[in-house]
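query-v9.pdb (PDB, C-alpha atoms, pLDDT in the B column) appears below.
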```
ATOM      1  CA  MET J  18      -2.397 -25.771   5.433  1.00 49.00           C
ATOM      2  CA  GLY J  19       0.549 -23.693   6.654  1.00 62.00           C
ATOM      3  CA  THR J  20       2.806 -21.896   4.252  1.00 77.00           C
ATOM      4  CA  GLU J  21       6.389 -20.844   4.780  1.00 87.00           C
ATOM      5  CA  ILE J  22       6.809 -17.170   5.614  1.00 89.00           C
ATOM      6  CA  HIS J  23       9.793 -15.529   3.945  1.00 92.00           C
ATOM      7  CA  TRP J  24      10.781 -13.096   6.679  1.00 96.00           C
ATOM      8  CA  LEU J  25      13.512 -11.214   4.827  1.00 97.00           C
ATOM      9  CA  ALA J  26      11.231 -10.815   1.810  1.00 97.00           C
ATOM     10  CA  VAL J  27       8.407  -9.584   4.065  1.00 98.00           C
ATOM     11  CA  LEU J  28      10.706  -6.976   5.617  1.00 98.00           C
ATOM     12  CA  VAL J  29      12.106  -5.805   2.266  1.00 98.00           C
ATOM     13  CA  ALA J  30       8.587  -5.663   0.770  1.00 98.00           C
ATOM     14  CA  ALA J  31       7.426  -3.478   3.669  1.00 98.00           C
ATOM     15  CA  ILE J  32      10.422  -1.184   3.177  1.00 98.00           C
ATOM     16  CA  ALA J  33       9.684  -1.033  -0.568  1.00 98.00           C
ATOM     17  CA  GLY J  34       6.028  -0.209   0.138  1.00 97.00           C
ATOM     18  CA  SER J  35       7.081   2.578   2.462  1.00 97.00           C
ATOM     19  CA  ALA J  36       9.515   3.904  -0.146  1.00 97.00           C
ATOM     20  CA  VAL J  37       6.706   3.994  -2.714  1.00 98.00           C
ATOM     21  CA  GLY J  38       4.709   6.083  -0.245  1.00 97.00           C
ATOM     22  CA  VAL J  39       7.528   8.587   0.200  1.00 96.00           C
ATOM     23  CA  VAL J  40       7.751   9.072  -3.561  1.00 98.00           C
ATOM     24  CA  TRP J  41       4.000   8.850  -4.289  1.00 98.00           C
ATOM     25  CA  TYR J  42       2.920  11.328  -1.626  1.00 96.00           C
ATOM     26  CA  GLY J  43       6.047  13.437  -2.066  1.00 94.00           C
ATOM     27  CA  PRO J  44       7.217  14.553  -5.493  1.00 96.00           C
ATOM     28  CA  VAL J  45       4.658  12.621  -7.566  1.00 98.00           C
ATOM     29  CA  PHE J  46       1.262  13.461  -5.994  1.00 97.00           C
ATOM     30  CA  GLY J  47       2.122  15.291  -2.777  1.00 95.00           C
ATOM     31  CA  LYS J  48       0.800  18.705  -3.767  1.00 95.00           C
ATOM     32  CA  ALA J  49      -2.343  17.311  -5.392  1.00 97.00           C
ATOM     33  CA  TRP J  50      -3.030  15.069  -2.378  1.00 96.00           C
ATOM     34  CA  MET J  51      -2.557  17.960   0.048  1.00 95.00           C
ATOM     35  CA  ALA J  52      -4.875  20.172  -2.000  1.00 96.00           C
ATOM     36  CA  GLU J  53      -7.581  17.484  -2.150  1.00 96.00           C
ATOM     37  CA  ARG J  54      -7.267  16.796   1.587  1.00 95.00           C
ATOM     38  CA  GLY J  55      -7.102  20.484   2.500  1.00 93.00           C
ATOM     39  CA  VAL J  56      -3.766  19.950   4.258  1.00 91.00           C
ATOM     40  CA  THR J  57      -1.153  22.684   4.376  1.00 91.00           C
ATOM     41  CA  ALA J  58       2.594  22.481   4.900  1.00 87.00           C
ATOM     42  CA  GLU J  59       2.019  24.062   8.319  1.00 89.00           C
ATOM     43  CA  ASP J  60      -0.325  21.188   9.220  1.00 87.00           C
ATOM     44  CA  GLY J  61       2.409  18.755   8.278  1.00 81.00           C
ATOM     45  CA  ALA J  62       4.923  20.562  10.459  1.00 85.00           C
ATOM     46  CA  LYS J  63       2.611  20.109  13.459  1.00 90.00           C
ATOM     47  CA  ALA J  64       2.124  16.368  12.890  1.00 90.00           C
ATOM     48  CA  ASN J  65       4.020  13.707  14.817  1.00 93.00           C
ATOM     49  CA  MET J  66       5.822  12.388  11.732  1.00 90.00           C
ATOM     50  CA  PRO J  67       7.894   9.704  13.517  1.00 93.00           C
ATOM     51  CA  LEU J  68       4.674   8.206  14.873  1.00 96.00           C
ATOM     52  CA  ILE J  69       2.928   8.461  11.495  1.00 94.00           C
ATOM     53  CA  PHE J  70       5.804   6.954   9.497  1.00 95.00           C
ATOM     54  CA  GLY J  71       6.502   4.310  12.140  1.00 97.00           C
ATOM     55  CA  THR J  72       2.880   3.191  12.288  1.00 97.00           C
ATOM     56  CA  ALA J  73       2.592   3.231   8.498  1.00 97.00           C
ATOM     57  CA  PHE J  74       5.663   0.995   8.293  1.00 97.00           C
ATOM     58  CA  VAL J  75       4.182  -1.476  10.790  1.00 98.00           C
ATOM     59  CA  LEU J  76       0.959  -1.559   8.755  1.00 98.00           C
ATOM     60  CA  ASN J  77       2.960  -2.158   5.555  1.00 97.00           C
ATOM     61  CA  LEU J  78       4.804  -4.926   7.378  1.00 98.00           C
ATOM     62  CA  ILE J  79       1.501  -6.584   8.267  1.00 98.00           C
ATOM     63  CA  ALA J  80       0.274  -6.203   4.679  1.00 98.00           C
ATOM     64  CA  SER J  81       3.452  -7.726   3.242  1.00 98.00           C
ATOM     65  CA  PHE J  82       3.255 -10.599   5.743  1.00 97.00           C
ATOM     66  CA  VAL J  83      -0.321 -11.391   4.724  1.00 97.00           C
ATOM     67  CA  LEU J  84       0.514 -11.020   1.031  1.00 97.00           C
ATOM     68  CA  ASP J  85       3.433 -13.432   1.442  1.00 96.00           C
ATOM     69  CA  HIS J  86       1.064 -15.926   3.042  1.00 95.00           C
ATOM     70  CA  VAL J  87      -1.493 -15.505   0.247  1.00 95.00           C
ATOM     71  CA  LEU J  88       1.161 -15.954  -2.435  1.00 95.00           C
ATOM     72  CA  GLY J  89       2.373 -19.058  -0.596  1.00 93.00           C
ATOM     73  CA  THR J  90      -1.054 -20.649  -0.932  1.00 93.00           C
ATOM     74  CA  TYR J  91      -0.465 -20.673  -4.703  1.00 92.00           C
ATOM     75  CA  GLY J  92       2.649 -22.808  -4.307  1.00 87.00           C
ATOM     76  CA  ALA J  93       5.469 -21.112  -6.150  1.00 83.00           C
ATOM     77  CA  PRO J  94       3.833 -18.508  -8.412  1.00 90.00           C
ATOM     78  CA  ASP J  95       6.008 -16.909 -11.044  1.00 94.00           C
ATOM     79  CA  LEU J  96       6.573 -13.161 -11.183  1.00 96.00           C
ATOM     80  CA  GLY J  97       3.629 -12.455 -13.462  1.00 96.00           C
ATOM     81  CA  LEU J  98       1.167 -14.394 -11.339  1.00 96.00           C
ATOM     82  CA  SER J  99       2.528 -12.828  -8.137  1.00 96.00           C
ATOM     83  CA  VAL J 100       1.919  -9.336  -9.522  1.00 97.00           C
ATOM     84  CA  MET J 101      -1.542 -10.327 -10.799  1.00 97.00           C
ATOM     85  CA  ILE J 102      -2.514 -11.689  -7.372  1.00 97.00           C
ATOM     86  CA  ALA J 103      -1.132  -8.643  -5.559  1.00 98.00           C
ATOM     87  CA  GLY J 104      -2.793  -6.248  -8.002  1.00 98.00           C
ATOM     88  CA  GLY J 105      -6.045  -8.182  -7.755  1.00 98.00           C
ATOM     89  CA  ILE J 106      -6.005  -7.834  -3.984  1.00 98.00           C
ATOM     90  CA  ALA J 107      -5.349  -4.104  -4.293  1.00 98.00           C
ATOM     91  CA  LEU J 108      -8.094  -3.560  -6.871  1.00 98.00           C
ATOM     92  CA  GLY J 109     -10.593  -6.083  -5.549  1.00 98.00           C
ATOM     93  CA  PHE J 110     -10.381  -5.377  -1.850  1.00 97.00           C
ATOM     94  CA  ILE J 111      -8.500  -2.177  -1.084  1.00 98.00           C
ATOM     95  CA  ALA J 112      -9.618   0.117  -3.914  1.00 98.00           C
ATOM     96  CA  THR J 113     -13.231  -1.005  -3.622  1.00 98.00           C
ATOM     97  CA  SER J 114     -13.192  -0.460   0.147  1.00 98.00           C
ATOM     98  CA  LEU J 115     -11.667   2.983  -0.279  1.00 98.00           C
ATOM     99  CA  GLY J 116     -14.251   3.728  -2.954  1.00 98.00           C
ATOM    100  CA  VAL J 117     -17.168   2.957  -0.663  1.00 98.00           C
ATOM    101  CA  ASN J 118     -15.677   5.078   2.134  1.00 98.00           C
ATOM    102  CA  TYR J 119     -14.886   7.946  -0.231  1.00 97.00           C
ATOM    103  CA  LEU J 120     -18.409   7.911  -1.671  1.00 97.00           C
ATOM    104  CA  PHE J 121     -20.075   8.183   1.724  1.00 98.00           C
ATOM    105  CA  SER J 122     -17.496  10.712   2.905  1.00 97.00           C
ATOM    106  CA  ARG J 123     -18.094  12.682  -0.296  1.00 97.00           C
ATOM    107  CA  LEU J 124     -14.386  12.809  -1.066  1.00 97.00           C
ATOM    108  CA  SER J 125     -13.246  13.642  -4.561  1.00 97.00           C
ATOM    109  CA  MET J 126     -12.621  11.213  -7.382  1.00 98.00           C
ATOM    110  CA  ARG J 127      -9.177  12.762  -7.772  1.00 98.00           C
ATOM    111  CA  LEU J 128      -8.313  11.886  -4.169  1.00 98.00           C
ATOM    112  CA  PHE J 129      -9.683   8.377  -4.669  1.00 98.00           C
ATOM    113  CA  LEU J 130      -7.510   7.875  -7.746  1.00 98.00           C
ATOM    114  CA  ILE J 131      -4.402   9.119  -5.917  1.00 98.00           C
ATOM    115  CA  ASP J 132      -4.972   6.880  -2.901  1.00 98.00           C
ATOM    116  CA  ALA J 133      -6.236   3.791  -4.747  1.00 98.00           C
ATOM    117  CA  GLY J 134      -3.429   4.131  -7.291  1.00 98.00           C
ATOM    118  CA  TYR J 135      -0.940   4.230  -4.451  1.00 98.00           C
ATOM    119  CA  TRP J 136      -2.221   0.952  -3.031  1.00 98.00           C
ATOM    120  CA  LEU J 137      -2.231  -0.695  -6.435  1.00 98.00           C
ATOM    121  CA  VAL J 138       1.420   0.258  -6.956  1.00 98.00           C
ATOM    122  CA  VAL J 139       2.402  -0.735  -3.399  1.00 98.00           C
ATOM    123  CA  TYR J 140       0.852  -4.175  -3.663  1.00 98.00           C
ATOM    124  CA  CYS J 141       2.361  -4.812  -7.078  1.00 98.00           C
ATOM    125  CA  VAL J 142       5.792  -3.750  -5.806  1.00 98.00           C
ATOM    126  CA  MET J 143       5.370  -5.962  -2.747  1.00 98.00           C
ATOM    127  CA  GLY J 144       4.363  -8.847  -4.999  1.00 97.00           C
ATOM    128  CA  VAL J 145       7.521  -8.389  -7.058  1.00 98.00           C
ATOM    129  CA  VAL J 146       9.767  -8.207  -3.988  1.00 98.00           C
ATOM    130  CA  LEU J 147       8.136 -11.198  -2.317  1.00 96.00           C
ATOM    131  CA  GLN J 148       8.454 -13.300  -5.463  1.00 95.00           C
ATOM    132  CA  LEU J 149      12.055 -12.318  -6.162  1.00 95.00           C
ATOM    133  CA  LEU J 150      13.244 -12.918  -2.597  1.00 94.00           C
ATOM    134  CA  ARG J 151      11.526 -16.276  -2.007  1.00 86.00           C
TER     135      ARG J 151
END
```
Would you mind writing the file's structure down as structure tokens?
Amino acid sequence: MGTEIHWLAVLVAAIAGSAVGVVWYGPVFGKAWMAERGVTAEDGAKANMPLIFGTAFVLNLIASFVLDHVLGTYGAPDLGLSVMIAGGIALGFIATSLGVNYLFSRLSMRLFLIDAGYWLVVYCVMGVVLQLLR
């Protein structure tokens, strides 16, 4: 039942996921995300960014580890199948879970699309990295 874990691929996938976050919540959607969340630049300056980025990286590391395990249960999926599986996880589990939380929290559709889109891209990127570095 066990599958081989590709440790270097897991690490690189977590780094890639974190890099997507820097771009996604920076120049691409940073201002829109801050506006939807009601966060100001001053709020960001007060935050413990090393703790936030460090914890986010650890969480991405866990996600890439689990994704590597899931992909391993399919044997040796090709690139297309790896991205489909990763995207399916993002859409089927993460986006739907965010959607339920955002509905009950009465958060905006725009914020949902920014955050769910981020996870879709992260998981697809992780799927690519994990497949290429196996």
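Interatomic distance, atom CA of Ala112 of chain J to atom CA of Asp85 of chain J: 19.6 Å.
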Can you pull out every residue within 10 Å of His86 of chain J, counting only C-alpha atoms, but drop anything in the same chain fewer than 3 positions away, and send it as a list in words?
-> Gly19, Thr20, Glu21, Ile22, His23, Val27, Ala80, Ser81, Phe82, Val83, Gly89, Thr90 and Tyr91 of chain J
Please provide as a PyMOL selection string all residues within 12 Å of Ala52 of chain J, with the sequence filter that same-chain residues fewer than 6 positions apart are discarded (counting all atoms listed in the file).
-> chain J and resi 42+46+58+125+127-128+131
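For the file shown, the residue list from the PyMOL selection byres ((chain J and resi 60-76) around 12) reads Val27, Leu28, Val29, Ala30, Ala31, Ile32, Ala33, Gly34, Ser35, Ala36, Val37, Gly38, Val39, Gly47, Met51, Arg54, Gly55, Val56, Thr57, Ala58, Glu59, Asn77, Leu78, Ile79, Ala80, Ser81, Phe82 and Val83 of chain J.
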Considering all atoms listed in the file, state which residue in the set J:Val100, J:Ala49, J:Leu88, J:Leu150 is at the smallest distance from Phe129 of chain J.
->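 Counting all atoms listed in the file, the residue closest to Phe129 of chain J is J:Ala49.
With distances taken over all atoms listed in the file, J:Leu108 is the one residue among J:Val87, J:Leu108, J:Val40, J:Ala103 lying closest to Ala133 of chain J.
Atom pair atom CA of Leu147 of chain J / atom CA of Ala26 of chain J: separated by 5.2 Å.
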